[in-house]
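K.L.:
This structure is in structure tokens; I'll ask about it shortly.
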Amino acid sequence: MILRLSSSAQRGALVLAAFLAAVFLSYFSIRNARADHFAGLQTLPALERATQLEPGDARNWYLLGRYWQFNLEDSDAQKAVRAYKIAVSVDPRSAVSWLGLGLAYESAGDLVHARDAFLQAKKAYPLSAEVAWQFGNFLLRQGELESAFAEMRRAVESDPRRGAEAFSRAFHVEPDVERILNRALPPIRDVYVSIIWDQIADGHTDNALKVWDRLAAIHPTLQIQDAFSLLGALHAQKRIAEASRVWGQAAFFAGMADLQGPRNSVLWDGGFESGVFGGGFSWILPDTFGSVQVRTDSAEKHSGTRSLRMTFDGKSDVNFLGACHYVPVQPSTPYRFSAWVRTRDLTTDQGIRFQLRALDAQDTSVVVTPDVRGTHPWTQIAIPWVSGKDVQEMQVCLLRFPGDQPDSKIQGTAWVDDVALVPKSAEHTKP
């Protein structure tokens with residue numbers, strides 16, 4: 001629609017009205033911008049100026065309340081309460097302002113009004129993880145454990161990243177781990193994994209193992225590395241049977257329980273198929289080792305999809321002990337160790353061999369296999385090995401002794417595949 005003005009007076013009035021409207025809008029825009037500027041400075045004079053410029057903006061009062069509540073040099077719980085009360089009077093639907101008011105009341109020792117403020121925050125935003133978390137922690141501080149755990153569970157369900165902290169806080173007031181897991185935490189994989197890592201970091205291996213058992217009960221899909229921290233702690237405490245159990249479960253949940261490899265072998269991934277190294281009961285490969293490079297090789301293998309390749313550059317007489325594997329075993333049990341080896345132009349009088357070592361304070365026996373050098377097709381080497389009376393773990397390592405000649409620099413390539421340690425009883429039952 002086109003507005004037609006019949007006189008210059010009408011036109012002048014319209015221009016004046018437009019000008020006044022522009023001035024009015026500019027004034028409030030500038031005032032709002034100045035208030036935002038002052039609020040962003042986070043100093044007391046600036047925050048007070050922001051509330052003067054925009055007293056109807058609940059955020060300015062909320063920020064002023066936070067200043068009085070959390071400023072280490074100038075905190076005042078009563079002034080924080082006053083600022084927050086204005087904030088919620090301006091915007092009663094602001095859950096964050098109600099939370100601030102609840103915390104300020106609690107700091108001032110007014111627990112009745114603090115509880116009411118937290119309940120108002122829940123009413124304003126019933127699905128908020130932050131509201132449930134803050135209210136749950138308030139109830140925890142009051143010793144109301146069942147109600148606190150229920151709120152913390154809601155918070156963790158909405159935000160699983162809070163799981164480890166929720167467990168830690170609950171454990172400070174409730175030493176019953178099973179009760180915490182039942183009441184305060186939802187059965188969510190990422191929650192359990194984060195708690196396990198956090199508890200191991202705090203030195204609570206038993207707690208971590210209980211959480212692992214809960215995790216295993218929900219049959220999760222995992223990365224096998226998720227178990228590394230717990231396995232490392234159990235291994236350090238010589239709890240080999242428990243570590244072996246956890247490793248078997250982790251491999252199953254990671255889809256690696258049936259890796260192609262020698263049948264009945266207790267040495268995991270003897271064919272280097274998993275691509276997993278450096279933790280648990282997996283191979284540990286050296287990052288660098290002087291003049292030898294250790295890598296997996298998918299172009300050359302005895303079976304499966306890859307082997308382990310060692311390349312010696314011929315620059316030194318390498319004294320090499322690397323590519324090791326910790327293996328859980330049964331005490332007083334005879335085993336047969338075997339591996340397939342291929343070499344190409346592997347020079348000098350000392351080739352590669354395997355070392356088998358019992359890991360027990362009373363049994364440090366070491367057995368080595370004959371060495372392989374020169375050029376050979378895939379050839380199996382095998383020797384018997386018997387665990388001692390109290391031995392629960394042994395170690396297999398690739399080994400190269402220094403040469404016996406003055407110039408024994410080693411050059412060439414060796415491949416290893418299908419490494420196995422099989423109990424004699426299992427070997428005898430093979431069809």
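Chains: A, B, ... in order of the structure tokens. Residues: from 1 per chain. Ligands: from 1, in order shown.
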Quick check for you: according to DSSP on this backbone, which residues of segment 245-289 of chain A are classed as strand (DSSP E or B)? Reply as a ChimeraX atom specification.
P.N.:
/A:277,283-284,289
K.L.:
Would you save the residues of that selection, restricted to C-alpha atoms, as a compact mmCIF listing (two decimals), in the first residue's frame?
P.N.:
```
# COMPACT_ATOMS: atom_id res chain seq x y z
CA PHE A 277 50.49 -53.42 20.05
CA TRP A 283 53.05 -57.68 21.28
CA ILE A 284 55.29 -54.82 22.41
CA PHE A 289 66.30 -49.89 18.02
```
K.L.:
Asn319 of chain A: which residues within 6 Å, counting only C-alpha atoms, same-chain residues fewer than 5 positions away excluded, as a PDB file with C-alpha atoms, in the first residue's frame?
P.N.:
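Full text of selection_19.pdb as output:
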```
ATOM      1  CA  ARG A 400      69.934 -61.405  18.493  1.00  0.00           C
ATOM      2  CA  PHE A 401      73.215 -61.879  20.357  1.00  0.00           C
ATOM      3  CA  PRO A 402      76.313 -59.864  19.435  1.00  0.00           C
TER       4      PRO A 402
END
```
K.L.:
List every residue of segment 219-314 of chain A that DSSP, applied to the backbone, labels as alpha helix (DSSP H), and write the result as number ranges by chain.
P.N.:
A: 228-236, 240-253
K.L.:
Take the residues that were just selected and, keeping N, CA, C and O atoms, output them as a CSV table (one decimal), in the first residue's frame.
P.N.:
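Everything below was put into selection_8.csv:
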```csv
chain,number,residue,atom,x,y,z
A,228,PHE,N,43.4,-51.3,28.5
A,228,PHE,CA,44.8,-51.2,28.7
A,228,PHE,C,45.1,-50.7,30.1
A,228,PHE,O,46.1,-51.2,30.8
A,229,SER,N,44.4,-49.6,30.6
A,229,SER,CA,44.8,-49.1,31.9
A,229,SER,C,44.6,-50.1,33.0
A,229,SER,O,45.4,-50.2,33.9
A,230,LEU,N,43.4,-50.8,33.0
A,230,LEU,CA,43.1,-51.8,34.0
A,230,LEU,C,44.1,-52.9,33.9
A,230,LEU,O,44.6,-53.4,34.9
A,231,LEU,N,44.4,-53.4,32.7
A,231,LEU,CA,45.4,-54.5,32.5
A,231,LEU,C,46.7,-54.1,33.0
A,231,LEU,O,47.4,-54.9,33.6
A,232,GLY,N,47.2,-52.9,32.8
A,232,GLY,CA,48.4,-52.4,33.2
A,232,GLY,C,48.5,-52.4,34.7
A,232,GLY,O,49.5,-52.8,35.3
A,233,ALA,N,47.4,-52.0,35.4
A,233,ALA,CA,47.4,-52.0,36.9
A,233,ALA,C,47.4,-53.4,37.4
A,233,ALA,O,48.1,-53.7,38.4
A,234,LEU,N,46.6,-54.3,36.9
A,234,LEU,CA,46.6,-55.7,37.3
A,234,LEU,C,47.9,-56.3,37.1
A,234,LEU,O,48.4,-57.1,38.0
A,235,HIS,N,48.5,-56.1,36.0
A,235,HIS,CA,49.8,-56.6,35.7
A,235,HIS,C,50.9,-56.2,36.7
A,235,HIS,O,51.7,-56.9,37.1
A,236,ALA,N,50.9,-54.9,37.0
A,236,ALA,CA,51.8,-54.3,37.9
A,236,ALA,C,51.7,-54.9,39.3
A,236,ALA,O,52.7,-55.0,40.0
A,240,ILE,N,47.8,-61.9,37.7
A,240,ILE,CA,47.9,-62.3,36.3
A,240,ILE,C,46.6,-63.0,35.9
A,240,ILE,O,46.1,-62.9,34.8
A,241,ALA,N,46.0,-63.8,36.8
A,241,ALA,CA,44.8,-64.5,36.5
A,241,ALA,C,43.6,-63.6,36.2
A,241,ALA,O,42.9,-63.8,35.2
A,242,GLU,N,43.5,-62.5,37.0
A,242,GLU,CA,42.5,-61.5,36.7
A,242,GLU,C,42.8,-60.7,35.4
A,242,GLU,O,41.9,-60.4,34.7
A,243,ALA,N,44.1,-60.4,35.2
A,243,ALA,CA,44.4,-59.7,34.0
A,243,ALA,C,44.1,-60.6,32.8
A,243,ALA,O,43.6,-60.1,31.7
A,244,SER,N,44.4,-61.9,32.8
A,244,SER,CA,44.1,-62.8,31.7
A,244,SER,C,42.6,-62.8,31.4
A,244,SER,O,42.2,-62.8,30.3
A,245,ARG,N,41.8,-62.9,32.5
A,245,ARG,CA,40.3,-62.9,32.3
A,245,ARG,C,39.9,-61.6,31.6
A,245,ARG,O,39.1,-61.6,30.7
A,246,VAL,N,40.3,-60.5,32.1
A,246,VAL,CA,39.9,-59.2,31.5
A,246,VAL,C,40.4,-59.1,30.1
A,246,VAL,O,39.6,-58.6,29.2
A,247,TRP,N,41.6,-59.6,29.8
A,247,TRP,CA,42.1,-59.5,28.4
A,247,TRP,C,41.2,-60.4,27.5
A,247,TRP,O,40.8,-60.0,26.4
A,248,GLY,N,40.8,-61.5,27.9
A,248,GLY,CA,40.0,-62.4,27.1
A,248,GLY,C,38.6,-61.7,26.9
A,248,GLY,O,38.1,-61.8,25.7
A,249,GLN,N,38.0,-61.1,27.9
A,249,GLN,CA,36.8,-60.4,27.7
A,249,GLN,C,36.9,-59.2,26.7
A,249,GLN,O,36.1,-59.0,25.9
A,250,ALA,N,38.0,-58.5,26.9
A,250,ALA,CA,38.2,-57.3,26.1
A,250,ALA,C,38.4,-57.7,24.6
A,250,ALA,O,37.9,-57.0,23.7
A,251,ALA,N,39.1,-58.8,24.4
A,251,ALA,CA,39.3,-59.3,23.0
A,251,ALA,C,38.0,-59.7,22.4
A,251,ALA,O,37.7,-59.4,21.2
A,252,PHE,N,37.1,-60.3,23.2
A,252,PHE,CA,35.8,-60.7,22.7
A,252,PHE,C,35.0,-59.5,22.4
A,252,PHE,O,34.3,-59.5,21.3
A,253,PHE,N,34.9,-58.5,23.3
A,253,PHE,CA,34.1,-57.4,23.0
A,253,PHE,C,34.6,-56.5,21.8
A,253,PHE,O,33.9,-55.8,21.2
```
K.L.:
Would you list the contacts of Thr305 of chain A as a VMD selection string, taking every protein, DNA or RNA residue within 8 Å and counting only C-alpha atoms, but skipping same-chain residues closer than 3 positions in sequence?
P.N.:
chain A and resid 273 298 301
K.L.:
Take the residues from that selection and put them in a file with N, CA and C atoms, as a compact mmCIF listing (two decimals), in the first residue's frame.
P.N.:
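The resulting file, again-v7.txt, is reproduced below:
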```txt
# COMPACT_ATOMS: atom_id res chain seq x y z
N GLU A 273 47.98 -60.42 13.49
CA GLU A 273 46.84 -60.05 12.67
C GLU A 273 46.05 -58.86 13.21
N SER A 298 52.57 -56.91 5.24
CA SER A 298 51.43 -57.60 4.63
C SER A 298 51.80 -58.25 3.30
N LYS A 301 54.12 -63.33 4.33
CA LYS A 301 53.56 -63.96 5.52
C LYS A 301 53.53 -65.47 5.34
```
K.L.:
Pick the closest to Ile200 of chain A from A:Phe138, A:Gly102, A:Ala164, A:Ile352: which is it, counting only C-alpha atoms?
P.N.:
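For Ile200 of chain A, the nearest of the given residues is A:Ala164.
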K.L.:
Write out as an MDAnalysis selection string each polymer residue whose atoms come within 8 Å of Arg342 of chain A, counting only C-alpha atoms; drop sequence neighbours fewer than 3 positions from it.
P.N.:
chainID A and resid 375:379 414:416
K.L.:
Which residues are near Ser408 of chain A? Cut-off 7 Å, only C-alpha atoms, ignore same chain within fewer than 5 positions. Put them as a PyMOL selection string.
P.N.:
chain A and resi 317+348+403
K.L.:
Keeping only all heavy atoms, take the residues you just selected and write them out as a compact mmCIF listing (two decimals), in the first residue's frame.
P.N.:
```txt
# COMPACT_ATOMS: atom_id res chain seq x y z
N ASP A 317 76.93 -54.17 15.04
CA ASP A 317 76.79 -55.52 15.58
C ASP A 317 75.68 -55.46 16.62
O ASP A 317 75.93 -55.30 17.82
CB ASP A 317 78.12 -55.96 16.19
CG ASP A 317 78.08 -57.39 16.70
OD1 ASP A 317 77.13 -58.12 16.35
OD2 ASP A 317 79.00 -57.77 17.44
N THR A 348 76.44 -62.54 9.07
CA THR A 348 77.20 -62.72 10.32
C THR A 348 76.91 -64.06 10.97
O THR A 348 76.06 -64.83 10.53
CB THR A 348 76.99 -61.58 11.35
OG1 THR A 348 75.77 -61.78 12.03
CG2 THR A 348 77.02 -60.22 10.71
N GLY A 403 77.78 -60.67 17.70
CA GLY A 403 78.57 -61.68 17.01
C GLY A 403 79.85 -62.04 17.73
O GLY A 403 80.34 -61.32 18.60
```
K.L.:
So that I can see what lies close to Arg336 of chain A, please list as number ranges by chain the residues with an atom at most 9 Å from it, counting only C-alpha atoms and leaving out residues fewer than 6 positions away in the same chain.
P.N.:
A: 382-386, 420-424, 427
K.L.:
Write the residues of the preceding selection, restricted to N, CA, C and O atoms, as a PDB file, in the first residue's frame.
P.N.:
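Now in part-v8.pdb:
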```pdb
ATOM      1  N   ALA A 382      60.937 -75.080  16.923  1.00  0.00           N
ATOM      2  CA  ALA A 382      60.099 -75.499  18.049  1.00  0.00           C
ATOM      3  C   ALA A 382      60.964 -76.047  19.163  1.00  0.00           C
ATOM      4  O   ALA A 382      61.976 -76.727  18.910  1.00  0.00           O
ATOM      5  N   ILE A 383      60.588 -75.752  20.407  1.00  0.00           N
ATOM      6  CA  ILE A 383      61.279 -76.290  21.579  1.00  0.00           C
ATOM      7  C   ILE A 383      60.254 -76.512  22.685  1.00  0.00           C
ATOM      8  O   ILE A 383      59.212 -75.860  22.732  1.00  0.00           O
ATOM      9  N   PRO A 384      60.518 -77.422  23.604  1.00  0.00           N
ATOM     10  CA  PRO A 384      59.637 -77.587  24.769  1.00  0.00           C
ATOM     11  C   PRO A 384      59.955 -76.521  25.815  1.00  0.00           C
ATOM     12  O   PRO A 384      61.087 -76.021  25.902  1.00  0.00           O
ATOM     13  N   TRP A 385      58.946 -76.190  26.614  1.00  0.00           N
ATOM     14  CA  TRP A 385      59.143 -75.252  27.738  1.00  0.00           C
ATOM     15  C   TRP A 385      58.185 -75.654  28.845  1.00  0.00           C
ATOM     16  O   TRP A 385      57.008 -75.954  28.594  1.00  0.00           O
ATOM     17  N   VAL A 386      58.688 -75.670  30.078  1.00  0.00           N
ATOM     18  CA  VAL A 386      57.873 -76.075  31.220  1.00  0.00           C
ATOM     19  C   VAL A 386      57.842 -74.935  32.230  1.00  0.00           C
ATOM     20  O   VAL A 386      58.895 -74.415  32.629  1.00  0.00           O
ATOM     21  N   ALA A 420      53.576 -69.473  18.654  1.00  0.00           N
ATOM     22  CA  ALA A 420      52.596 -70.175  19.488  1.00  0.00           C
ATOM     23  C   ALA A 420      53.243 -70.758  20.732  1.00  0.00           C
ATOM     24  O   ALA A 420      54.415 -71.133  20.732  1.00  0.00           O
ATOM     25  N   LEU A 421      52.448 -70.807  21.791  1.00  0.00           N
ATOM     26  CA  LEU A 421      52.821 -71.517  23.006  1.00  0.00           C
ATOM     27  C   LEU A 421      51.614 -72.376  23.381  1.00  0.00           C
ATOM     28  O   LEU A 421      50.587 -71.850  23.842  1.00  0.00           O
ATOM     29  N   VAL A 422      51.722 -73.670  23.169  1.00  0.00           N
ATOM     30  CA  VAL A 422      50.574 -74.579  23.297  1.00  0.00           C
ATOM     31  C   VAL A 422      50.822 -75.555  24.436  1.00  0.00           C
ATOM     32  O   VAL A 422      51.871 -76.204  24.483  1.00  0.00           O
ATOM     33  N   PRO A 423      49.867 -75.676  25.377  1.00  0.00           N
ATOM     34  CA  PRO A 423      50.010 -76.689  26.431  1.00  0.00           C
ATOM     35  C   PRO A 423      50.099 -78.078  25.814  1.00  0.00           C
ATOM     36  O   PRO A 423      49.395 -78.396  24.854  1.00  0.00           O
ATOM     37  N   LYS A 424      50.957 -78.908  26.376  1.00  0.00           N
ATOM     38  CA  LYS A 424      51.113 -80.247  25.820  1.00  0.00           C
ATOM     39  C   LYS A 424      49.807 -81.029  25.857  1.00  0.00           C
ATOM     40  O   LYS A 424      49.512 -81.816  24.963  1.00  0.00           O
ATOM     41  N   GLU A 427      47.844 -80.037  22.931  1.00  0.00           N
ATOM     42  CA  GLU A 427      48.486 -80.523  21.708  1.00  0.00           C
ATOM     43  C   GLU A 427      48.139 -81.993  21.475  1.00  0.00           C
ATOM     44  O   GLU A 427      47.889 -82.440  20.357  1.00  0.00           O
TER      45      GLU A 427
END
```
K.L.:
As a list in words, please: the residues near segment 178-182 of chain A (cut-off 10 Å, only C-alpha atoms, same-chain neighbours under 6 positions excluded).
P.N.:
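Neighbouring residues, sequence-local ones excluded: Leu145, Glu146, Phe149, Arg153, Ala166, Phe167, Ser168, Ala170, Phe171, Tyr192, Asn207, Lys210, Val211 and Arg214 of chain A.
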K.L.:
May I ask which of the residues A:Lys409, A:Arg263, A:Arg373, A:Lys238 is the closest one to Asp313 of chain A, counting only C-alpha atoms?
P.N.:
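Smallest separation from Asp313 of chain A among the options: A:Lys409.
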K.L.:
I'd like the interatomic distance between atom CA of Glu54 of chain A and atom CA of Pro126 of chain A, to a tenth of an Å.
P.N.:
28.6 Å
K.L.:
Closest to Gly271 of chain A among A:Trp98, A:Trp340, A:Tyr67, A:Tyr84, using only C-alpha atoms?
P.N.:
A:Trp340
